[in-house]
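Structure record follows, encoded as structure tokens.
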Amino acid sequence: TRVVLDLCKKNAVGKLVYISSTAAIGYSDDKDMPADENLDFDWSKAGKYAYAYSKYLAEQEVMADAAEGLPAVVVNPSSIYGPGDSKIAPLLDSIGSGALPAMMPGGLACVDVRDVASGIVAAAEKGLSGQRYILTGGNYSHVELISTIADVLGAQPPARTFSQAVGKVLMPLISLMEGLSFSPPKITSEIFDMGFRYRYFSIDKARKELGWQPKYDLKQTFLDIAEYVQGTKGKA
């Protein structure tokens, strides 16, 4: 990030659109109060969420340079999905085959990659320097997300959902196994912990200042993803 910022200043770019993440904003953990761009998140409680904290620190560099005159705007997409991403195939397979044992009780914000692209263009054209804009298509519980994917695949979602009490019991065990493992586990303590939290976000600012509105709902996104993944398998 520092290298890119220095090059932008050296070459007097007209405008930098920095693609960050909602991870850099933090989370409210309140499903009834989605976080906005002004969330005062206590980063001391971020623990070992290195990805989120690194995004936050990188944004601070961008904002500092913007305050000194660099024309720079930040966009914060939430969890991005869309056709073209084959990494999601294992999740689709586990849901479609019924191998996913249970669902998590929290929730997250999701956005289609095509909506992110239009949001970046809107930020380049209308975004104010030194400002950040959340881009998300909607806030969904994990139950809604998995159930929608199952519906797209013609499958049944898991019948069980982890309770908060179960999470408190399992978390220390997962952390212990993570510490003893010689290779990164498929489910880290960070991923497990986030499964119990609500990471919901508001796009009111992007709507008002950028005139941006997501076009793809969750089901359409995963219909297109399923078609893409199926086509990829056919070519293998």
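Following the order of the structure tokens, chains are lettered A, B, ..., residues in each are numbered from 1, and ligands are numbered from 1.
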
Residues flagged strand (DSSP E or B) by DSSP in stretch 15-72 of chain A, as number ranges by chain
A: 16-19, 35, 72

Determine, using only C-alpha atoms, which residues of stretch 108-191 of chain A have any atom at most 9 Å from an atom of stretch 17-36 of chain A, and tabulate each with its shortest atom pair and distance in Å to one decimal place, rows ordered by chain and then rising number, as JSON lines.
{"residue": "A:Ala109", "atom": "CA", "partner": "A:Thr22", "partner_atom": "CA", "distance": 9.0}
{"residue": "A:Ile120", "atom": "CA", "partner": "A:Val17", "partner_atom": "CA", "distance": 7.2}
{"residue": "A:Val121", "atom": "CA", "partner": "A:Val17", "partner_atom": "CA", "distance": 8.9}
{"residue": "A:Ala123", "atom": "CA", "partner": "A:Val17", "partner_atom": "CA", "distance": 7.0}
{"residue": "A:Ala124", "atom": "CA", "partner": "A:Val17", "partner_atom": "CA", "distance": 6.2}
{"residue": "A:Gly127", "atom": "CA", "partner": "A:Val17", "partner_atom": "CA", "distance": 8.7}
{"residue": "A:Tyr133", "atom": "CA", "partner": "A:Asp36", "partner_atom": "CA", "distance": 8.8}
{"residue": "A:Ile134", "atom": "CA", "partner": "A:Thr22", "partner_atom": "CA", "distance": 6.8}
{"residue": "A:Leu135", "atom": "CA", "partner": "A:Thr22", "partner_atom": "CA", "distance": 8.3}
{"residue": "A:Thr136", "atom": "CA", "partner": "A:Thr22", "partner_atom": "CA", "distance": 9.0}
{"residue": "A:Asn139", "atom": "CA", "partner": "A:Pro34", "partner_atom": "CA", "distance": 8.4}
{"residue": "A:Ser141", "atom": "CA", "partner": "A:Lys31", "partner_atom": "CA", "distance": 8.8}

Output file for the selection above: N, CA and C atoms, as a PDB file, in the first residue's frame:
ATOM      1  N   ALA A 109     -22.508  -9.704   5.734  1.00  0.00           N
ATOM      2  CA  ALA A 109     -22.944  -8.943   4.572  1.00  0.00           C
ATOM      3  C   ALA A 109     -22.280  -9.542   3.334  1.00  0.00           C
ATOM      4  N   ILE A 120     -17.021   0.546  -7.700  1.00  0.00           N
ATOM      5  CA  ILE A 120     -15.687   1.121  -7.893  1.00  0.00           C
ATOM      6  C   ILE A 120     -15.749   2.240  -8.935  1.00  0.00           C
ATOM      7  N   VAL A 121     -16.480   1.986 -10.013  1.00  0.00           N
ATOM      8  CA  VAL A 121     -16.634   3.009 -11.051  1.00  0.00           C
ATOM      9  C   VAL A 121     -17.339   4.245 -10.483  1.00  0.00           C
ATOM     10  N   ALA A 123     -17.366   5.222  -7.402  1.00  0.00           N
ATOM     11  CA  ALA A 123     -16.449   5.912  -6.491  1.00  0.00           C
ATOM     12  C   ALA A 123     -15.428   6.737  -7.263  1.00  0.00           C
ATOM     13  N   ALA A 124     -14.964   6.203  -8.403  1.00  0.00           N
ATOM     14  CA  ALA A 124     -14.004   6.931  -9.234  1.00  0.00           C
ATOM     15  C   ALA A 124     -14.624   8.200  -9.800  1.00  0.00           C
ATOM     16  N   GLY A 127     -16.949   9.751  -5.940  1.00  0.00           N
ATOM     17  CA  GLY A 127     -16.470   9.668  -4.568  1.00  0.00           C
ATOM     18  C   GLY A 127     -15.647  10.874  -4.152  1.00  0.00           C
ATOM     19  N   TYR A 133     -16.476   4.255   1.381  1.00  0.00           N
ATOM     20  CA  TYR A 133     -17.842   3.883   1.010  1.00  0.00           C
ATOM     21  C   TYR A 133     -18.019   2.367   1.105  1.00  0.00           C
ATOM     22  N   ILE A 134     -18.979   1.950   1.920  1.00  0.00           N
ATOM     23  CA  ILE A 134     -19.288   0.526   2.059  1.00  0.00           C
ATOM     24  C   ILE A 134     -20.079   0.055   0.846  1.00  0.00           C
ATOM     25  N   LEU A 135     -19.702  -1.090   0.310  1.00  0.00           N
ATOM     26  CA  LEU A 135     -20.413  -1.711  -0.813  1.00  0.00           C
ATOM     27  C   LEU A 135     -20.877  -3.092  -0.377  1.00  0.00           C
ATOM     28  N   THR A 136     -22.168  -3.256  -0.221  1.00  0.00           N
ATOM     29  CA  THR A 136     -22.694  -4.576   0.105  1.00  0.00           C
ATOM     30  C   THR A 136     -24.068  -4.747  -0.521  1.00  0.00           C
ATOM     31  N   ASN A 139     -27.555  -7.933   4.042  1.00  0.00           N
ATOM     32  CA  ASN A 139     -27.119  -8.589   5.268  1.00  0.00           C
ATOM     33  C   ASN A 139     -27.915  -9.877   5.456  1.00  0.00           C
ATOM     34  N   SER A 141     -28.246 -13.774   7.599  1.00  0.00           N
ATOM     35  CA  SER A 141     -27.788 -14.723   8.609  1.00  0.00           C
ATOM     36  C   SER A 141     -27.119 -15.880   7.882  1.00  0.00           C
TER      37      SER A 141
END

For A:Tyr81, which residue among A:Lys208, A:Arg114, A:Lys15, A:Lys55 is the nearest when counting only C-alpha atoms?
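Of A:Lys208, A:Arg114, A:Lys15, A:Lys55, the one nearest A:Tyr81 is A:Arg114, counting only C-alpha atoms.
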
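The smallest atom-to-atom distance between A:Thr1 and any of A:Thr148, A:Asn38, A:Ser94, A:Ser54, using only C-alpha atoms, is found for A:Ser54.
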
At what distance in Å, to one decimal, does atom CA of A:Asp115 lie from atom CA of A:Arg197?
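Going from atom CA of A:Arg197 over to atom CA of A:Asp115 covers 24.6 Å.
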
Close residues, A:Arg132 itself excluded, 8 Å, only C-alpha atoms, min 3 positions apart in chain, as a ChimeraX atom specification
/A:37,73-76

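Taking atom CA of A:Ala102 as the reference point, atom CA of A:Arg160 is found at 4.9 Å.
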
Rounded to one decimal place, report the atom CA of A:Lys205-atom CA of A:Ala66 distance in Å.
18.9 Å
